[in-house]
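For reference, input29.tsv is printed below; it contains TSV, C-alpha atoms (C1' of nucleotides).
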chain	number	residue	atom	x	y	z
A	119	MET	CA	53.61	0.00	-60.03
A	120	LEU	CA	57.22	-1.13	-59.92
A	121	LEU	CA	59.67	1.60	-59.11
A	122	SER	CA	62.68	-0.68	-59.03
A	123	ALA	CA	63.40	-3.61	-61.31
A	124	PRO	CA	63.32	-6.99	-59.55
A	125	PRO	CA	66.67	-7.98	-58.02
A	126	THR	CA	68.54	-10.53	-60.11
A	127	SER	CA	70.49	-12.17	-57.32
A	128	ILE	CA	70.59	-12.41	-53.55
A	129	ALA	CA	73.71	-10.23	-53.60
A	130	ASP	CA	71.82	-7.64	-55.63
A	131	LEU	CA	68.90	-7.71	-53.22
A	132	MET	CA	71.07	-7.51	-50.12
A	133	HIS	CA	73.03	-4.63	-51.59
A	134	ARG	CA	69.77	-2.71	-51.99
A	135	VAL	CA	68.74	-3.51	-48.43
A	136	ASP	CA	72.11	-2.50	-47.02
A	137	THR	CA	71.94	0.76	-48.94
A	138	ILE	CA	68.67	1.88	-47.36
A	139	ALA	CA	69.52	0.78	-43.80
A	140	GLY	CA	69.44	3.90	-41.65
A	141	TRP	CA	67.28	5.89	-44.04
A	142	THR	CA	64.08	7.41	-42.74
A	143	LEU	CA	60.79	6.53	-44.39
A	144	GLY	CA	60.53	10.21	-45.26
A	145	GLU	CA	63.76	10.04	-47.25
A	146	LEU	CA	62.72	6.82	-48.94
A	147	ALA	CA	59.28	8.12	-49.86
A	148	ALA	CA	60.74	11.31	-51.31
A	149	LYS	CA	63.29	9.42	-53.38
A	150	PHE	CA	60.59	7.13	-54.77
A	151	GLY	CA	57.90	9.74	-55.23
A	152	GLN	CA	55.50	8.36	-52.64
A	153	VAL	CA	53.08	10.42	-50.55
A	154	ILE	CA	53.41	9.87	-46.82
A	155	PRO	CA	50.08	9.37	-45.04
A	156	GLU	CA	49.33	11.23	-41.81
A	157	ASN	CA	49.07	7.97	-39.95
A	158	LEU	CA	48.59	4.32	-40.77
A	159	LEU	CA	45.01	3.88	-39.56
A	160	HIS	CA	43.74	4.11	-43.12
A	161	HIS	CA	47.01	3.00	-44.70
A	162	LYS	CA	48.03	-0.07	-42.76
A	163	GLY	CA	50.02	-1.61	-45.57
A	164	TRP	CA	51.79	1.55	-46.65
A	165	VAL	CA	55.22	0.79	-45.20
A	166	GLY	CA	55.31	-2.71	-46.65
A	167	GLN	CA	54.19	-1.47	-50.04
A	168	LEU	CA	56.82	1.27	-50.03
A	169	LEU	CA	59.56	-1.29	-49.37
A	170	GLU	CA	58.19	-3.51	-52.13
A	171	LYS	CA	58.63	-0.66	-54.59
A	172	VAL	CA	62.05	0.28	-53.28
A	173	LEU	CA	63.42	-3.25	-53.36
A	174	GLY	CA	61.72	-4.41	-56.56
A	175	ALA	CA	59.29	-7.03	-55.28
A	176	ASP	CA	57.36	-8.39	-58.26
A	177	ALA	CA	54.78	-10.86	-56.97
A	178	GLY	CA	51.95	-8.34	-56.79
A	179	ASN	CA	49.06	-9.84	-54.89
A	180	ARG	CA	49.74	-13.38	-56.03
A	181	ALA	CA	50.06	-15.97	-53.26
A	182	ILE	CA	53.78	-16.53	-53.85
A	183	PRO	CA	56.99	-15.08	-52.35
A	184	ASP	CA	57.56	-11.40	-53.20
A	185	PHE	CA	60.80	-11.75	-55.14
A	186	THR	CA	59.64	-14.36	-57.59
A	187	ALA	CA	62.97	-15.16	-59.24
A	188	LEU	CA	64.74	-15.56	-55.91
A	189	HIS	CA	61.86	-17.23	-54.04
A	190	ILE	CA	62.29	-14.80	-51.18
A	191	GLU	CA	59.49	-13.33	-49.11
A	192	LEU	CA	59.68	-9.71	-47.94
A	193	LYS	CA	58.41	-8.72	-44.50
A	194	THR	CA	58.62	-5.31	-42.91
A	195	ILE	CA	58.25	-5.49	-39.16
A	196	PRO	CA	57.80	-2.65	-36.67
A	197	ILE	CA	60.31	-2.72	-33.80
A	198	ASN	CA	60.75	-0.68	-30.62
A	199	SER	CA	63.92	1.07	-29.46
A	200	GLN	CA	65.20	-2.22	-28.12
A	201	GLY	CA	64.78	-3.95	-31.43
A	202	LYS	CA	61.79	-6.01	-30.36
A	203	PRO	CA	58.92	-6.67	-32.77
A	204	GLN	CA	55.78	-4.73	-31.89
A	205	GLU	CA	53.32	-6.73	-33.96
A	206	SER	CA	52.65	-10.24	-35.12
A	207	THR	CA	53.45	-11.02	-38.75
A	208	TYR	CA	50.81	-12.04	-41.24
A	209	ILE	CA	51.93	-14.95	-43.43
A	210	ALA	CA	49.10	-16.38	-45.49
A	211	VAL	CA	45.40	-17.04	-45.78
A	212	VAL	CA	44.12	-20.17	-44.04
A	213	PRO	CA	42.75	-22.61	-46.66
A	214	LEU	CA	39.41	-23.22	-44.96
A	215	LEU	CA	38.24	-25.89	-47.35
A	216	GLY	CA	41.58	-27.66	-47.44
A	217	TYR	CA	43.16	-28.83	-50.66
A	218	PRO	CA	43.99	-32.18	-52.33
A	219	ASP	CA	47.44	-32.96	-50.93
A	220	LEU	CA	47.17	-31.28	-47.57
A	221	SER	CA	50.71	-31.42	-46.31
A	222	TRP	CA	53.11	-29.08	-44.59
A	223	LYS	CA	55.72	-29.56	-47.33
A	224	THR	CA	53.50	-28.04	-49.99
A	225	SER	CA	51.76	-25.51	-47.78
A	226	GLU	CA	51.78	-21.79	-48.57
A	227	VAL	CA	53.03	-21.06	-45.07
A	228	ARG	CA	56.15	-23.15	-45.60
A	229	GLY	CA	56.61	-21.79	-49.10
A	230	LYS	CA	56.67	-18.26	-47.82
A	231	LEU	CA	58.78	-18.90	-44.75
A	232	ARG	CA	61.61	-20.88	-46.34
A	233	GLN	CA	63.49	-17.67	-47.11
A	234	VAL	CA	62.43	-14.33	-45.71
A	235	LEU	CA	64.00	-10.90	-46.01
A	236	TRP	CA	63.10	-9.16	-42.75
A	237	VAL	CA	63.26	-5.37	-42.81
A	238	PRO	CA	62.77	-3.89	-39.34
A	239	ILE	CA	61.21	-0.44	-39.14
A	240	GLU	CA	61.98	1.58	-36.04
A	241	GLY	CA	59.07	3.35	-34.42
A	242	ARG	CA	55.32	3.04	-34.29
A	243	GLY	CA	52.12	4.74	-33.28
A	244	ASP	CA	52.94	8.23	-32.08
A	245	LYS	CA	56.21	8.52	-34.03
A	246	PRO	CA	55.66	10.44	-37.27
A	247	ILE	CA	55.90	8.09	-40.20
A	248	ALA	CA	58.42	10.23	-42.04
A	249	ARG	CA	60.82	10.01	-39.12
A	250	ARG	CA	60.67	6.27	-38.68
A	251	ARG	CA	63.90	4.65	-39.73
A	252	VAL	CA	64.71	1.56	-41.76
A	253	GLY	CA	66.79	-0.90	-39.77
A	254	GLN	CA	69.32	-3.45	-40.95
A	255	GLY	CA	67.66	-6.01	-43.22
A	256	LEU	CA	68.20	-9.66	-42.47
A	257	LEU	CA	67.91	-12.60	-44.83
A	258	TRP	CA	66.61	-15.54	-42.85
A	259	PHE	CA	66.42	-19.21	-43.80
A	260	MET	CA	64.00	-21.34	-41.80
A	261	SER	CA	66.02	-23.80	-39.73
A	262	PRO	CA	65.01	-27.45	-39.19
A	263	GLN	CA	64.44	-26.67	-35.50
A	264	VAL	CA	62.06	-23.81	-36.22
A	265	GLU	CA	60.42	-25.73	-39.02
A	266	ALA	CA	59.62	-28.62	-36.69
A	267	ILE	CA	57.68	-26.31	-34.40
A	268	LEU	CA	55.93	-24.52	-37.22
A	269	GLN	CA	54.93	-27.83	-38.76
A	270	THR	CA	53.46	-29.03	-35.48
A	271	ASP	CA	51.50	-25.79	-35.08
A	272	TRP	CA	50.30	-25.86	-38.67
A	273	GLN	CA	49.18	-29.48	-38.53
A	274	GLU	CA	47.32	-29.02	-35.28
A	275	LEU	CA	45.54	-25.95	-36.58
A	276	MET	CA	44.73	-27.45	-39.97
A	277	GLU	CA	43.32	-30.51	-38.24
A	278	TYR	CA	40.80	-28.26	-36.52
A	279	VAL	CA	40.03	-26.57	-39.82
A	280	LEU	CA	39.44	-29.81	-41.70
A	281	LEU	CA	37.47	-31.50	-38.93
A	282	GLY	CA	34.95	-28.67	-38.84
A	283	LYS	CA	36.21	-27.24	-35.58
A	284	LEU	CA	36.75	-23.73	-36.88
A	285	ALA	CA	34.60	-22.31	-34.11
A	286	HIS	CA	37.01	-23.75	-31.56
A	287	ILE	CA	40.13	-22.17	-33.00
A	288	THR	CA	41.38	-19.21	-30.99
A	289	GLY	CA	44.44	-17.02	-31.23
A	290	ARG	CA	45.82	-18.79	-28.18
A	291	MET	CA	46.60	-21.97	-30.06
A	292	GLY	CA	50.04	-22.57	-31.56
A	293	GLN	CA	53.54	-21.93	-30.22
A	294	TYR	CA	54.97	-19.86	-33.09
A	295	LEU	CA	52.18	-19.95	-35.65
A	296	HIS	CA	48.59	-19.10	-34.89
A	297	ILE	CA	45.33	-18.26	-36.59
A	298	ARG	CA	43.48	-14.96	-36.30
A	299	PRO	CA	40.76	-13.23	-38.33
A	300	LYS	CA	41.92	-11.73	-41.63
A	301	ALA	CA	39.01	-9.78	-42.96
A	302	ALA	CA	37.54	-6.38	-43.71
A	303	ASN	CA	35.46	-6.73	-40.55
A	304	SER	CA	33.82	-9.28	-38.28
A	305	ARG	CA	30.82	-9.63	-40.62
A	306	SER	CA	32.96	-10.72	-43.57
A	307	LEU	CA	32.16	-14.20	-44.71
A	308	THR	CA	33.79	-16.94	-46.72
A	309	TYR	CA	33.16	-20.67	-46.66
A	310	GLY	CA	34.61	-23.30	-44.38
A	311	ILE	CA	33.90	-26.79	-43.11
A	312	GLY	CA	31.13	-27.00	-40.54
A	313	PRO	CA	30.73	-29.36	-37.56
A	314	GLU	CA	28.82	-31.88	-39.69
A	315	GLY	CA	31.31	-31.78	-42.52
A	316	ASP	CA	29.07	-29.42	-44.41
A	317	ILE	CA	30.15	-26.23	-46.13
A	318	HIS	CA	29.10	-23.16	-44.27
A	319	PRO	CA	29.84	-19.45	-43.93
A	320	THR	CA	32.60	-18.36	-41.61
A	321	LEU	CA	35.03	-15.53	-40.99
A	322	PRO	CA	38.14	-15.51	-43.21
A	323	ARG	CA	41.30	-16.31	-41.21
A	324	GLY	CA	45.02	-15.88	-41.64
A	325	PHE	CA	48.17	-17.53	-40.33
A	326	TYR	CA	50.38	-15.19	-38.30
A	327	LEU	CA	53.78	-15.54	-36.64
A	328	ARG	CA	53.98	-14.67	-32.97
A	329	THR	CA	56.61	-12.18	-31.81
A	330	GLN	CA	58.14	-14.97	-29.72
A	331	LEU	CA	59.58	-16.27	-32.96
A	332	THR	CA	60.26	-13.04	-34.83
A	333	GLU	CA	62.09	-11.59	-31.83
A	334	GLN	CA	64.50	-14.51	-31.96
A	335	ILE	CA	64.90	-14.16	-35.70
A	336	LEU	CA	65.75	-10.46	-35.51
A	337	ALA	CA	68.23	-11.20	-32.72
A	338	GLN	CA	69.74	-13.79	-35.08
A	339	LYS	CA	69.24	-16.53	-32.52
A	340	CYS	CA	67.64	-18.92	-34.95
B	173	DG	C1'	51.69	-4.02	-21.57
B	174	DG	C1'	51.01	-7.73	-24.45
B	175	DA	C1'	48.11	-10.68	-26.98
B	176	DT	C1'	43.78	-11.62	-29.34
B	177	DG	C1'	40.24	-10.26	-32.20
B	178	DA	C1'	38.87	-6.52	-35.47
B	179	DT	C1'	39.80	-3.65	-39.10
B	180	DC	C1'	41.63	-0.64	-43.37
B	181	DA	C1'	43.45	0.10	-48.31
B	182	DT	C1'	44.31	-1.70	-52.83
B	183	DA	C1'	44.74	-4.92	-56.85
B	184	DT	C1'	42.77	-8.35	-59.64
C	75	DA	C1'	35.35	-12.33	-53.41
C	76	DT	C1'	40.03	-13.08	-52.11
C	77	DA	C1'	44.66	-12.18	-52.44
C	78	DT	C1'	48.24	-8.70	-51.09
C	79	DG	C1'	50.27	-5.21	-47.49
C	80	DA	C1'	49.67	-5.01	-42.35
C	81	DT	C1'	48.23	-2.13	-37.82
C	82	DC	C1'	44.46	-0.85	-34.79
C	83	DA	C1'	41.92	-1.39	-30.55
C	84	DT	C1'	40.04	-3.82	-26.94
C	85	DC	C1'	40.45	-7.09	-23.27
C	86	DC	C1'	42.71	-9.36	-19.61
Would you write out, as structure tokens, the structure that this file holds?
Amino acid sequence: MLLSAPPTSIADLMHRVDTIAGWTLGELAAKFGQVIPENLLHHKGWVGQLLEKVLGADAGNRAIPDFTALHIELKTIPINSQGKPQESTYIAVVPLLGYPDLSWKTSEVRGKLRQVLWVPIEGRGDKPIARRRVGQGLLWFMSPQVEAILQTDWQELMEYVLLGKLAHITGRMGQYLHIRPKAANSRSLTYGIGPEGDIHPTLPRGFYLRTQLTEQILAQKC
DNA sequence: GGATGATCATAT
DNA sequence: ATATGATCATCC
């Protein structure tokens, strides 16, 4: 359910983000009529979904950037008292069967990372959700330097995927971008390419950004 | 303590 | 079943 209309311009969006900087999640939830969960164990996406409502994201669960008219992706990211990201950032599902024109340029990862509105959220774990504070939002445009590294990571990983080497992919691969499970649990199954080029069941995976990159982004170093 | 692998809720 | 939103929890 949309609680805010979609932003009509970048200025509009950034004005909204600037307005809520410094607010606690408790204040935001109250203003937008949202119930604050006790903890996030059973509500892992709650913070991100709250910010979607507040800022007027309109993509729903479609595989496109959150602010559809502006082509901007929204990411909330938990940070510690020093401003460092505390978690990796999920970007997109890994296309395990590939697709016709497999290329970085047309990939969902690139599509989502071209323009990202990062909204840091201070506090995690033991800190009561209502008291966690919204930090200063940052609109980030992927630079050619960062893109070069992401493209290398993506191509290396997708090569494994398409050559049936899914079983050999670990979270240790990739400088900025890596692949990890993205599933309800470890028994979840979808279909991927097997060692013999056959289609066979495998765990769903997602592309995630390492904190090595997001830390630099939040520090406005890239 | 940080990173990798596992997991939870919801919408369609 | 698969996309969205992520954080949890274990291992090193």
(Q) I need the residue nearest chain C from this list: A:Ala129, A:Val252, A:Ala301, A:Met276. Use all atoms listed in the file for the distance. (A)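 Of all the options, A:Ala301 lies closest to chain C.
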(Q) Could you work out which residues of chain B fall inside 7 Å of chain A? Count all atoms listed in the file, and format the result as number ranges by chain. (A) B: 176-181, 183
Q | Distance-based interface of chain C with chain A, 6 Å, counting only C-alpha atoms (C1' of nucleotides), as JSON, numbers by chain | A | {"C": [77, 78, 79, 80, 81]}
Can I get the selection written as a PDB file, keeping the file's coordinate frame, with C-alpha atoms (C1' of nucleotides)?
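Final file, selection25.pdb:
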ATOM      1  C1'  DA C  77      44.660 -12.180 -52.440  1.00  0.00           C
ATOM      2  C1'  DT C  78      48.240  -8.700 -51.090  1.00  0.00           C
ATOM      3  C1'  DG C  79      50.270  -5.210 -47.490  1.00  0.00           C
ATOM      4  C1'  DA C  80      49.670  -5.010 -42.350  1.00  0.00           C
ATOM      5  C1'  DT C  81      48.230  -2.130 -37.820  1.00  0.00           C
TER       6       DT C  81
END
Q) Distance CA of Glu265 in chain A-CA of Ala187 in chain A, one decimal place? A)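 Taking CA of Glu265 in chain A as the start and CA of Ala187 in chain A as the end point, the length is 23.0 Å.
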Q. What does the distance between CA of Val153 in chain A and CA of Leu336 in chain A come to in Å, to one decimal place?
A.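 Interatomic distance, CA of Val153 in chain A to CA of Leu336 in chain A: 28.7 Å.
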Work out where the centre of an axis-aligned box around every listed atom of chain C lies and how long its edges are once 3 Å is added on each side; give both in Å to one decimal as lines of an AutoDock Vina configuration file.
center_x = 42.8
center_y = -7.0
center_z = -36.5
size_x = 20.9
size_y = 18.2
size_z = 39.8
